[in-house]
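Chemist: I'm passing along upload14.cif; it holds mmCIF, C-alpha atoms.
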```cif
data_coords
#
loop_
_atom_site.label_atom_id
_atom_site.label_comp_id
_atom_site.auth_asym_id
_atom_site.auth_seq_id
_atom_site.Cartn_x
_atom_site.Cartn_y
_atom_site.Cartn_z
CA MET Z 1 0.00 0.00 0.00
CA THR Z 2 1.28 3.44 -0.88
CA ARG Z 3 0.30 6.79 0.47
CA VAL Z 4 1.66 9.86 -1.31
CA ARG Z 5 1.85 13.30 0.22
CA LYS Z 6 0.97 15.92 -2.34
CA LYS Z 7 3.00 19.10 -2.35
CA ASP Z 8 3.56 21.93 -4.76
CA ASP Z 9 6.42 24.27 -3.96
CA SER Z 10 6.69 25.70 -7.47
CA ALA Z 11 5.16 29.08 -6.58
CA GLU Z 12 7.69 29.63 -3.77
CA VAL Z 13 10.56 28.46 -6.01
CA ARG Z 14 9.58 30.91 -8.71
CA LYS Z 15 9.11 33.81 -6.28
CA VAL Z 16 12.58 33.37 -4.77
CA THR Z 17 14.20 32.79 -8.15
CA TRP Z 18 12.61 35.88 -9.71
CA VAL Z 19 14.26 37.98 -7.00
CA GLY Z 20 17.64 36.47 -7.83
CA LEU Z 21 17.04 36.82 -11.56
CA GLY Z 22 16.40 40.55 -11.28
CA TRP Z 23 19.54 41.17 -9.25
CA ASN Z 24 21.66 38.92 -11.47
CA ALA Z 25 20.56 40.78 -14.58
CA ALA Z 26 21.38 44.13 -12.98
CA LEU Z 27 24.75 42.95 -11.65
CA SER Z 28 25.85 41.31 -14.89
CA VAL Z 29 25.14 44.47 -16.88
CA ALA Z 30 26.72 46.77 -14.29
CA LYS Z 31 29.87 44.64 -13.90
CA PHE Z 32 30.30 44.28 -17.65
CA VAL Z 33 29.99 48.02 -18.28
CA VAL Z 34 32.30 48.95 -15.38
CA GLY Z 35 34.75 46.20 -16.35
CA VAL Z 36 34.97 47.35 -19.97
CA PHE Z 37 35.29 51.06 -19.21
CA GLY Z 38 37.40 50.39 -16.10
CA ASN Z 39 39.89 48.18 -17.99
CA SER Z 40 39.42 45.02 -15.92
CA GLN Z 41 39.43 41.57 -17.48
CA ALA Z 42 38.68 40.07 -14.07
CA LEU Z 43 35.47 42.10 -13.62
CA VAL Z 44 34.32 41.31 -17.15
CA ALA Z 45 34.83 37.61 -16.32
CA ASP Z 46 32.82 38.11 -13.15
CA ALA Z 47 30.08 39.76 -15.21
CA VAL Z 48 29.90 36.64 -17.37
CA HIS Z 49 29.56 34.56 -14.20
CA SER Z 50 26.63 36.73 -13.10
CA ALA Z 51 25.10 36.32 -16.55
CA SER Z 52 25.31 32.53 -16.11
CA ASP Z 53 23.39 32.98 -12.85
CA PHE Z 54 20.71 34.76 -14.86
CA VAL Z 55 20.49 31.79 -17.26
CA THR Z 56 20.22 29.25 -14.44
CA ASP Z 57 17.53 31.36 -12.76
CA VAL Z 58 15.51 31.09 -15.97
CA ALA Z 59 16.10 27.31 -16.00
CA VAL Z 60 14.78 26.97 -12.43
CA ILE Z 61 11.71 29.10 -13.14
CA VAL Z 62 10.84 27.12 -16.28
CA GLY Z 63 11.66 23.78 -14.65
CA SER Z 64 9.46 24.45 -11.61
CA HIS Z 65 6.44 24.33 -13.93
CA PHE Z 66 7.34 20.71 -14.79
CA TRP Z 67 8.68 18.97 -11.69
CA ASN Z 68 5.54 19.58 -9.60
CA SER Z 69 3.21 18.21 -12.27
CA PRO Z 70 1.10 15.29 -11.00
CA PRO Z 71 1.91 11.71 -12.05
CA ASP Z 72 0.64 10.61 -15.44
CA ALA Z 73 0.67 7.48 -17.61
CA GLU Z 74 4.23 8.07 -18.81
CA HIS Z 75 5.53 9.26 -15.42
CA PRO Z 76 3.66 7.23 -12.76
CA TYR Z 77 6.12 8.30 -10.05
CA GLY Z 78 5.74 11.99 -10.86
CA HIS Z 79 8.15 14.43 -12.48
CA ARG Z 80 10.62 15.23 -9.70
CA ARG Z 81 13.52 13.92 -11.80
CA PHE Z 82 13.16 17.14 -13.81
CA GLU Z 83 14.52 18.93 -10.74
CA THR Z 84 17.53 16.59 -10.70
CA VAL Z 85 18.18 17.11 -14.42
CA ILE Z 86 17.94 20.89 -14.07
CA THR Z 87 20.28 20.83 -11.07
CA ILE Z 88 22.88 18.93 -13.10
CA GLY Z 89 22.31 21.30 -16.00
CA ILE Z 90 23.05 24.25 -13.71
CA GLY Z 91 26.30 22.57 -12.66
CA LEU Z 92 27.36 21.97 -16.25
CA ALA Z 93 26.51 25.55 -17.23
CA VAL Z 94 28.62 26.88 -14.36
CA ALA Z 95 31.50 24.56 -15.36
CA ALA Z 96 31.38 25.81 -18.96
CA VAL Z 97 31.59 29.41 -17.75
CA GLY Z 98 34.58 28.54 -15.54
CA VAL Z 99 36.45 26.83 -18.38
CA GLY Z 100 35.84 29.78 -20.72
CA ILE Z 101 37.00 32.37 -18.20
CA GLY Z 102 40.09 30.34 -17.30
CA TYR Z 103 41.01 29.87 -20.96
CA ASN Z 104 40.83 33.61 -21.68
CA ALA Z 105 42.84 34.44 -18.57
CA ILE Z 106 45.60 32.00 -19.55
CA LEU Z 107 45.75 33.46 -23.06
CA ALA Z 108 46.12 36.95 -21.59
CA LEU Z 109 48.94 35.83 -19.30
CA LEU Z 110 50.78 34.04 -22.11
CA SER Z 111 50.51 37.04 -24.42
CA GLY Z 112 51.76 39.42 -21.75
CA GLU Z 113 48.63 41.53 -22.11
CA ALA Z 114 48.56 44.21 -19.40
CA SER Z 115 45.51 45.90 -17.94
CA HIS Z 116 45.29 48.86 -15.58
CA PRO Z 117 41.89 48.79 -13.83
CA GLU Z 118 40.36 51.89 -12.26
CA MET Z 119 38.97 52.40 -8.75
CA SER Z 120 35.38 52.07 -10.02
CA VAL Z 121 36.14 48.37 -10.66
CA ALA Z 122 37.03 47.81 -6.99
CA ILE Z 123 33.84 49.53 -5.84
CA MET Z 124 31.75 47.42 -8.23
CA ALA Z 125 33.41 44.19 -7.05
CA LEU Z 126 32.72 45.07 -3.40
CA ALA Z 127 29.08 45.86 -4.15
CA SER Z 128 28.75 42.53 -5.98
CA ILE Z 129 30.14 40.60 -3.01
CA LEU Z 130 27.60 42.15 -0.64
CA VAL Z 131 24.58 41.70 -2.94
CA LYS Z 132 25.42 38.10 -3.89
CA GLU Z 133 26.00 37.07 -0.27
CA ILE Z 134 22.56 38.43 0.65
CA LEU Z 135 21.03 36.56 -2.31
CA PHE Z 136 22.82 33.36 -1.26
CA ARG Z 137 21.41 33.45 2.27
CA TYR Z 138 17.92 34.37 1.09
CA THR Z 139 17.80 31.59 -1.54
CA ARG Z 140 19.45 28.93 0.63
CA ASN Z 141 17.05 29.55 3.53
CA ALA Z 142 14.07 29.28 1.19
CA GLY Z 143 15.49 26.11 -0.39
CA ARG Z 144 15.99 24.46 2.99
CA LYS Z 145 12.55 25.49 4.17
CA ILE Z 146 10.76 23.80 1.27
CA ARG Z 147 13.50 21.18 0.68
CA SER Z 148 14.13 22.23 -2.92
CA GLN Z 149 17.28 20.75 -4.42
CA ALA Z 150 17.22 23.18 -7.34
CA LEU Z 151 16.84 26.25 -5.10
CA GLU Z 152 19.76 25.14 -2.91
CA ALA Z 153 21.87 24.56 -6.01
CA ASN Z 154 21.00 28.02 -7.24
CA ALA Z 155 21.85 29.46 -3.82
CA TRP Z 156 25.35 28.01 -4.04
CA HIS Z 157 25.65 29.52 -7.49
CA HIS Z 158 25.00 32.90 -5.85
CA ARG Z 159 27.66 32.10 -3.24
CA SER Z 160 30.18 31.14 -5.93
CA ASP Z 161 29.56 34.50 -7.61
CA SER Z 162 30.12 36.24 -4.28
CA PHE Z 163 33.37 34.34 -3.70
CA SER Z 164 34.52 34.91 -7.26
CA SER Z 165 34.29 38.68 -6.76
CA ILE Z 166 36.73 38.52 -3.84
CA PRO Z 167 39.82 37.72 -5.96
CA VAL Z 168 38.61 40.32 -8.44
CA LEU Z 169 38.61 42.92 -5.67
CA VAL Z 170 42.05 41.83 -4.41
CA ALA Z 171 43.56 41.73 -7.91
CA VAL Z 172 42.19 45.13 -8.81
CA VAL Z 173 43.45 46.72 -5.60
CA PHE Z 174 46.94 45.28 -6.24
CA ALA Z 175 46.86 46.43 -9.87
CA ILE Z 176 45.90 49.96 -8.81
CA LEU Z 177 48.41 50.23 -5.97
CA LEU Z 178 51.24 48.40 -7.79
CA PRO Z 179 51.00 49.16 -11.54
CA GLN Z 180 54.12 47.09 -12.19
CA LEU Z 181 52.08 43.96 -11.47
CA TRP Z 182 50.64 43.96 -14.99
CA PHE Z 183 49.44 40.37 -14.61
CA ALA Z 184 47.40 40.90 -11.41
CA ASP Z 185 44.07 41.40 -13.17
CA SER Z 186 44.50 38.29 -15.35
CA VAL Z 187 45.54 36.23 -12.34
CA GLY Z 188 42.36 37.43 -10.62
CA ALA Z 189 40.31 36.21 -13.58
CA LEU Z 190 42.07 32.84 -13.42
CA VAL Z 191 41.30 32.50 -9.70
CA VAL Z 192 37.66 33.31 -10.48
CA ALA Z 193 37.65 30.41 -12.95
CA PHE Z 194 38.83 27.97 -10.27
CA PHE Z 195 36.14 29.17 -7.87
CA ILE Z 196 33.53 28.67 -10.57
CA LEU Z 197 34.71 25.13 -11.42
CA HIS Z 198 34.65 24.12 -7.75
CA SER Z 199 31.14 25.51 -7.46
CA ALA Z 200 30.08 23.54 -10.54
CA ILE Z 201 31.22 20.28 -8.93
CA GLU Z 202 29.39 21.08 -5.69
CA ILE Z 203 26.19 21.84 -7.60
CA ALA Z 204 26.18 18.86 -9.97
CA ALA Z 205 27.41 16.13 -7.60
CA PRO Z 206 24.12 15.66 -5.62
CA GLY Z 207 22.10 15.39 -8.82
CA LEU Z 208 24.52 12.86 -10.31
CA ARG Z 209 24.28 10.73 -7.16
CA GLN Z 210 20.50 10.78 -7.43
CA LEU Z 211 20.58 9.60 -11.04
CA VAL Z 212 22.15 6.36 -9.78
CA ASP Z 213 19.32 5.98 -7.22
CA ARG Z 214 21.25 7.08 -4.15
CA GLY Z 215 19.31 6.44 -0.96
CA ALA Z 216 19.07 8.37 2.29
CA ASN Z 217 22.11 8.62 4.53
CA PRO Z 218 22.47 6.27 7.55
CA GLU Z 219 21.22 8.88 10.03
CA VAL Z 220 17.96 9.35 8.12
CA LEU Z 221 17.49 5.58 7.72
CA LEU Z 222 18.02 5.09 11.45
CA LYS Z 223 15.39 7.72 12.19
CA LEU Z 224 12.91 6.07 9.81
CA LYS Z 225 13.63 2.64 11.30
CA ASP Z 226 13.03 3.94 14.84
CA LEU Z 227 9.78 5.58 13.75
CA ALA Z 228 8.47 2.35 12.24
CA LEU Z 229 9.51 0.32 15.29
CA SER Z 230 7.85 2.86 17.59
CA HIS Z 231 4.44 1.54 16.55
CA PRO Z 232 3.25 -0.71 19.41
CA LYS Z 233 2.07 -3.48 17.08
CA VAL Z 234 5.26 -3.70 15.01
CA ILE Z 235 7.40 -6.58 16.31
CA SER Z 236 10.37 -5.98 14.03
CA LEU Z 237 11.25 -4.86 10.53
CA HIS Z 238 13.54 -5.66 7.62
CA GLY Z 239 14.16 -4.65 4.01
CA LEU Z 240 14.16 -0.91 4.72
CA ARG Z 241 15.11 0.83 1.46
CA SER Z 242 14.98 4.37 0.15
CA ARG Z 243 15.81 6.42 -2.91
CA TYR Z 244 15.61 10.06 -3.86
CA VAL Z 245 13.57 11.33 -6.79
CA GLY Z 246 14.49 14.98 -7.06
CA SER Z 247 14.13 16.34 -3.52
CA ASP Z 248 11.56 13.68 -2.60
CA LEU Z 249 12.40 10.53 -0.67
CA HIS Z 250 10.65 7.24 -1.50
CA VAL Z 251 10.73 4.51 1.15
CA ASP Z 252 9.68 0.88 1.34
CA VAL Z 253 9.95 -1.50 4.30
CA HIS Z 254 8.75 -4.89 5.54
CA ILE Z 255 7.25 -4.87 9.03
CA VAL Z 256 6.58 -7.98 11.08
CA VAL Z 257 3.29 -8.21 13.04
CA ASP Z 258 1.48 -10.86 15.05
CA ASP Z 259 0.32 -13.65 12.71
CA GLN Z 260 -2.96 -13.86 14.66
CA MET Z 261 -3.88 -10.30 13.68
CA THR Z 262 -6.87 -9.87 11.37
CA LEU Z 263 -6.30 -8.65 7.83
CA LYS Z 264 -8.05 -5.36 8.61
CA ASP Z 265 -5.92 -4.77 11.71
CA ALA Z 266 -2.72 -5.51 9.76
CA HIS Z 267 -3.89 -3.13 7.04
CA ASP Z 268 -4.49 -0.40 9.64
CA VAL Z 269 -1.02 -0.93 11.12
CA ALA Z 270 0.54 -0.57 7.64
CA GLU Z 271 -1.30 2.70 7.07
CA GLU Z 272 -0.27 4.05 10.47
CA VAL Z 273 3.40 3.18 9.86
CA GLU Z 274 3.21 4.82 6.44
CA GLN Z 275 1.92 8.00 8.03
CA LEU Z 276 4.70 7.91 10.64
CA LEU Z 277 7.29 7.77 7.84
CA ILE Z 278 5.63 10.52 5.81
CA ASP Z 279 5.44 12.76 8.90
CA SER Z 280 9.14 12.23 9.66
CA ASN Z 281 10.20 15.67 8.34
CA GLU Z 282 12.66 13.90 6.02
CA ASN Z 283 10.71 14.76 2.86
CA VAL Z 284 9.25 11.26 2.53
CA VAL Z 285 6.47 11.54 -0.04
CA ASP Z 286 5.93 7.88 -0.92
CA ALA Z 287 5.88 5.09 1.68
CA LEU Z 288 5.31 1.45 0.81
CA VAL Z 289 4.85 -0.88 3.81
CA HIS Z 290 4.71 -4.65 3.36
CA ILE Z 291 3.24 -6.84 6.11
CA ASP Z 292 4.99 -10.06 7.20
CA PRO Z 293 3.36 -12.38 9.77
CA TYR Z 294 5.46 -13.26 12.81
CA ASN Z 295 6.12 -16.99 13.32
CA ALA Z 296 8.03 -17.88 16.48
CA ASN Z 297 9.37 -21.17 15.13
CA ARG Z 298 10.71 -19.66 11.89
CA ALA Z 299 12.21 -16.72 13.79
CA ALA Z 300 13.96 -19.07 16.21
CA GLN Z 301 15.44 -21.01 13.29
CA GLY Z 302 16.75 -17.81 11.74
CA GLU Z 303 14.49 -17.99 8.69
CA ILE Z 304 13.18 -14.49 9.39
CA LYS Z 305 15.96 -11.89 9.50
CA THR Z 306 14.68 -8.77 11.17
CA ILE Z 307 15.71 -5.70 13.10
CA GLU Z 308 14.26 -6.15 16.58
CA LYS Z 309 13.03 -3.36 18.81
#
```
Kindly return the structure encoded in the file as structure tokens.
Modeler:
Amino acid sequence: MTRVRKKDDSAEVRKVTWVGLGWNAALSVAKFVVGVFGNSQALVADAVHSASDFVTDVAVIVGSHFWNSPPDAEHPYGHRRFETVITIGIGLAVAAVGVGIGYNAILALLSGEASHPEMSVAIMALASILVKEILFRYTRNAGRKIRSQALEANAWHHRSDSFSSIPVLVAVVFAILLPQLWFADSVGALVVAFFILHSAIEIAAPGLRQLVDRGANPEVLLKLKDLALSHPKVISLHGLRSRYVGSDLHVDVHIVVDDQMTLKDAHDVAEEVEQLLIDSNENVVDALVHIDPYNANRAAQGEIKTIEK
């Protein structure tokens, strides 16, 4: 028997993401303009990173219309895998940006190209750090509240943009104070590229693990096991399994009950255990509980392998 908890967090996802999208658009334009007129390759690279944030914001907004769609004939388990795919896509997009920025920075260093950024570049980099850190905290808190994998991934994209502006600020300050360090700005752009690539790995890794049906961690499984065993009519359990579909956790378990129990009573116990698992605050949305009758002789002979209370 399966009981599914319905939820639709798409409106909240879109609201939070629209806020980030607006700021990312403004920052990317501002950093690009200041970087071009302020002679800073590092800030222009940072502007491209902010533009990639804008693209991933659009991906989350569009994707949220799909992953909360109800199950249908072709997708009987729902559409939450769309969230996983979009999360991986965000990671790949961030990685592509990092590779491109790093490549251009290396070319500039090899060619001996010098740049002499102006003070406006430092001010813009500092403003970007502050704005992106605020966006990171706002988006991450919302993602944790509604347990949205895509929102949390997007939050870390904001954080990577905030971190990437730090070496820009440092490089620009050095280039202004020490003009003989002609390579400082390009080195700053190269450091930005490494930050972006690290962020890409952090974003894509959870989604990739889910594509291979990764289950819940041991702490969550222990909590679910204890919840099932807390039911007074559950003697023991075995076969506890889980897997993530997007941000949702699907669980199935075999519980052992008295073999003298009526079919209706056993059915009621299964429903009550299902509800315990769904109410666990671990984002369990699908619980499948199988009933096994307890037989003292078979248990004594080791034919029934269970987790006892």
Chemist: Between Z:Glu219, Z:Asp161, Z:Asp185, Z:Asp259, which has the minimum distance to Z:Ala51 (counting only C-alpha atoms)?
Modeler: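 Comparing Z:Glu219, Z:Asp161, Z:Asp185, Z:Asp259 against Z:Ala51, the winner is Z:Asp161.
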Chemist: Would you write out, as number ranges by chain, every residue that the PyMOL selection byres ((chain Z and resi 267-278) around 10) captures in this file?
Modeler: Z: 1-5, 223-234, 249-255, 257, 261-266, 279-291
Chemist: Looking at Z:Thr139, Z:Ser186, Z:Ser160, Z:Asn217, which one is nearest to Z:Lys15, with distances taken over only C-alpha atoms?
Modeler: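 Among the listed residues, the smallest separation from Z:Lys15 belongs to Z:Thr139.
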Chemist: Within 10 Å of Z:Met124, counting all atoms listed in the file, which residues qualify if same-chain residues fewer than 3 places away don't, as a ChimeraX atom specification?
Modeler: /Z:27,30-31,34-35,43,119-121,127-129,165,168-169
Chemist: Take the residues from that selection and put them in a file with C-alpha atoms, as an mmCIF file, in the frame of the given file.
Modeler:
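Once written, part38.cif looks like this:
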```
data_model
loop_
_atom_site.group_PDB
_atom_site.id
_atom_site.type_symbol
_atom_site.label_atom_id
_atom_site.label_comp_id
_atom_site.auth_asym_id
_atom_site.auth_seq_id
_atom_site.Cartn_x
_atom_site.Cartn_y
_atom_site.Cartn_z
ATOM 1 C CA LEU Z 27 24.750 42.950 -11.650
ATOM 2 C CA ALA Z 30 26.720 46.770 -14.290
ATOM 3 C CA LYS Z 31 29.870 44.640 -13.900
ATOM 4 C CA VAL Z 34 32.300 48.950 -15.380
ATOM 5 C CA GLY Z 35 34.750 46.200 -16.350
ATOM 6 C CA LEU Z 43 35.470 42.100 -13.620
ATOM 7 C CA MET Z 119 38.970 52.400 -8.750
ATOM 8 C CA SER Z 120 35.380 52.070 -10.020
ATOM 9 C CA VAL Z 121 36.140 48.370 -10.660
ATOM 10 C CA ALA Z 127 29.080 45.860 -4.150
ATOM 11 C CA SER Z 128 28.750 42.530 -5.980
ATOM 12 C CA ILE Z 129 30.140 40.600 -3.010
ATOM 13 C CA SER Z 165 34.290 38.680 -6.760
ATOM 14 C CA VAL Z 168 38.610 40.320 -8.440
ATOM 15 C CA LEU Z 169 38.610 42.920 -5.670
#
```
Chemist: Using all atoms listed in the file, which protein or nucleic acid residues come within 12 Å of Z:Val29? Drop anything in the same chain fewer than 3 positions from it, and give the result as a ChimeraX atom specification.
Modeler: /Z:22-26,32-36,43-52,54,124,128
Chemist: Around all the atoms of stretch 283-296 of chain Z listed in the file, with 4 Å of room on each side, what axis-aligned box do you get, giving centre and edge lengths in Å to one decimal, as AutoDock Vina command-line options?
Modeler:
```
--center_x 7.0 --center_y -1.6 --center_z 7.8 --size_x 15.5 --size_y 40.6 --size_z 25.4
```
Chemist: Between Z:His65, Z:Arg80, Z:Lys132, Z:Lys145, which has the minimum distance to Z:Tyr244 (counting only C-alpha atoms)?
Modeler: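 Nearest to Z:Tyr244: Z:Arg80.
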Chemist: With the file shown as input, list the residues that the PyMOL selection byres ((chain Z and resi 16) around 10) selects, as number ranges by chain.
Modeler: Z: 11-15, 17-21, 57, 61, 135, 138-140, 142-143, 151
Chemist: Could you tell me which of Z:Leu221, Z:Ala93, Z:Val131, Z:Leu190 comes closest to Z:Arg241 if we count all atoms listed in the file?
Modeler: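 Looking at the shortest contact to Z:Arg241, the residue is Z:Leu221.
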Chemist: Counting only C-alpha atoms, which residues come within 6 Å of (8.0, 18.6, -10.0), with the point read in the file's coordinates, and could you list them as a PyMOL selection string?
Modeler: chain Z and resi 66-69+79-80
Chemist: Expressed in Å to a single decimal, how great is the separation between atom CA of Z:Ile101 and atom CA of Z:Gln149?
Modeler: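 Spanning atom CA of Z:Ile101 to atom CA of Z:Gln149 is a straight-line distance of 26.7 Å.
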Chemist: So that I can check the surroundings of Z:Ser199, please list as a list of chain:residue names every protein, DNA and RNA residue that reaches within 9 Å of it, counting only C-alpha atoms and ignoring chain neighbours fewer than 6 positions away.
Modeler: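 Counting only the stated atoms, we get Z:Gly91, Z:Val94, Z:Ala95, Z:Trp156, Z:His157, Z:Arg159, Z:Ser160.
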Chemist: With distances taken over only C-alpha atoms, which residue among Z:Ser148, Z:Asn154, Z:Thr84, Z:Ser162 lies nearest Z:Leu211?
Modeler: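 Result for the nearest residue to Z:Leu211: Z:Thr84.
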Chemist: Taking the file as I've supplied it (selection: the PyMOL selection byres ((chain Z and resi 188) around 12)), which residues are included? Please answer as a compact mmCIF listing (two decimals) with C-alpha atoms, in the coordinates of the input.
Modeler:
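Final output, selection-v8.txt:
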```
# COMPACT_ATOMS: atom_id res chain seq x y z
CA SER Z 40 39.42 45.02 -15.92
CA GLN Z 41 39.43 41.57 -17.48
CA ALA Z 42 38.68 40.07 -14.07
CA LEU Z 43 35.47 42.10 -13.62
CA VAL Z 44 34.32 41.31 -17.15
CA ALA Z 45 34.83 37.61 -16.32
CA ASP Z 46 32.82 38.11 -13.15
CA ILE Z 101 37.00 32.37 -18.20
CA GLY Z 102 40.09 30.34 -17.30
CA ASN Z 104 40.83 33.61 -21.68
CA ALA Z 105 42.84 34.44 -18.57
CA ILE Z 106 45.60 32.00 -19.55
CA ALA Z 108 46.12 36.95 -21.59
CA LEU Z 109 48.94 35.83 -19.30
CA SER Z 115 45.51 45.90 -17.94
CA PRO Z 117 41.89 48.79 -13.83
CA ALA Z 125 33.41 44.19 -7.05
CA PHE Z 163 33.37 34.34 -3.70
CA SER Z 164 34.52 34.91 -7.26
CA SER Z 165 34.29 38.68 -6.76
CA ILE Z 166 36.73 38.52 -3.84
CA PRO Z 167 39.82 37.72 -5.96
CA VAL Z 168 38.61 40.32 -8.44
CA LEU Z 169 38.61 42.92 -5.67
CA VAL Z 170 42.05 41.83 -4.41
CA ALA Z 171 43.56 41.73 -7.91
CA VAL Z 172 42.19 45.13 -8.81
CA VAL Z 173 43.45 46.72 -5.60
CA PHE Z 174 46.94 45.28 -6.24
CA ALA Z 175 46.86 46.43 -9.87
CA LEU Z 181 52.08 43.96 -11.47
CA TRP Z 182 50.64 43.96 -14.99
CA PHE Z 183 49.44 40.37 -14.61
CA ALA Z 184 47.40 40.90 -11.41
CA ASP Z 185 44.07 41.40 -13.17
CA SER Z 186 44.50 38.29 -15.35
CA VAL Z 187 45.54 36.23 -12.34
CA ALA Z 189 40.31 36.21 -13.58
CA LEU Z 190 42.07 32.84 -13.42
CA VAL Z 191 41.30 32.50 -9.70
CA VAL Z 192 37.66 33.31 -10.48
CA ALA Z 193 37.65 30.41 -12.95
CA PHE Z 194 38.83 27.97 -10.27
CA PHE Z 195 36.14 29.17 -7.87
```
Chemist: Which one of Z:Pro71, Z:Phe82, Z:Leu92, Z:Gly38 sits closest to Z:Ala205 if you count all atoms listed in the file?
Modeler: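 Comparing Z:Pro71, Z:Phe82, Z:Leu92, Z:Gly38 against Z:Ala205, the winner is Z:Leu92.
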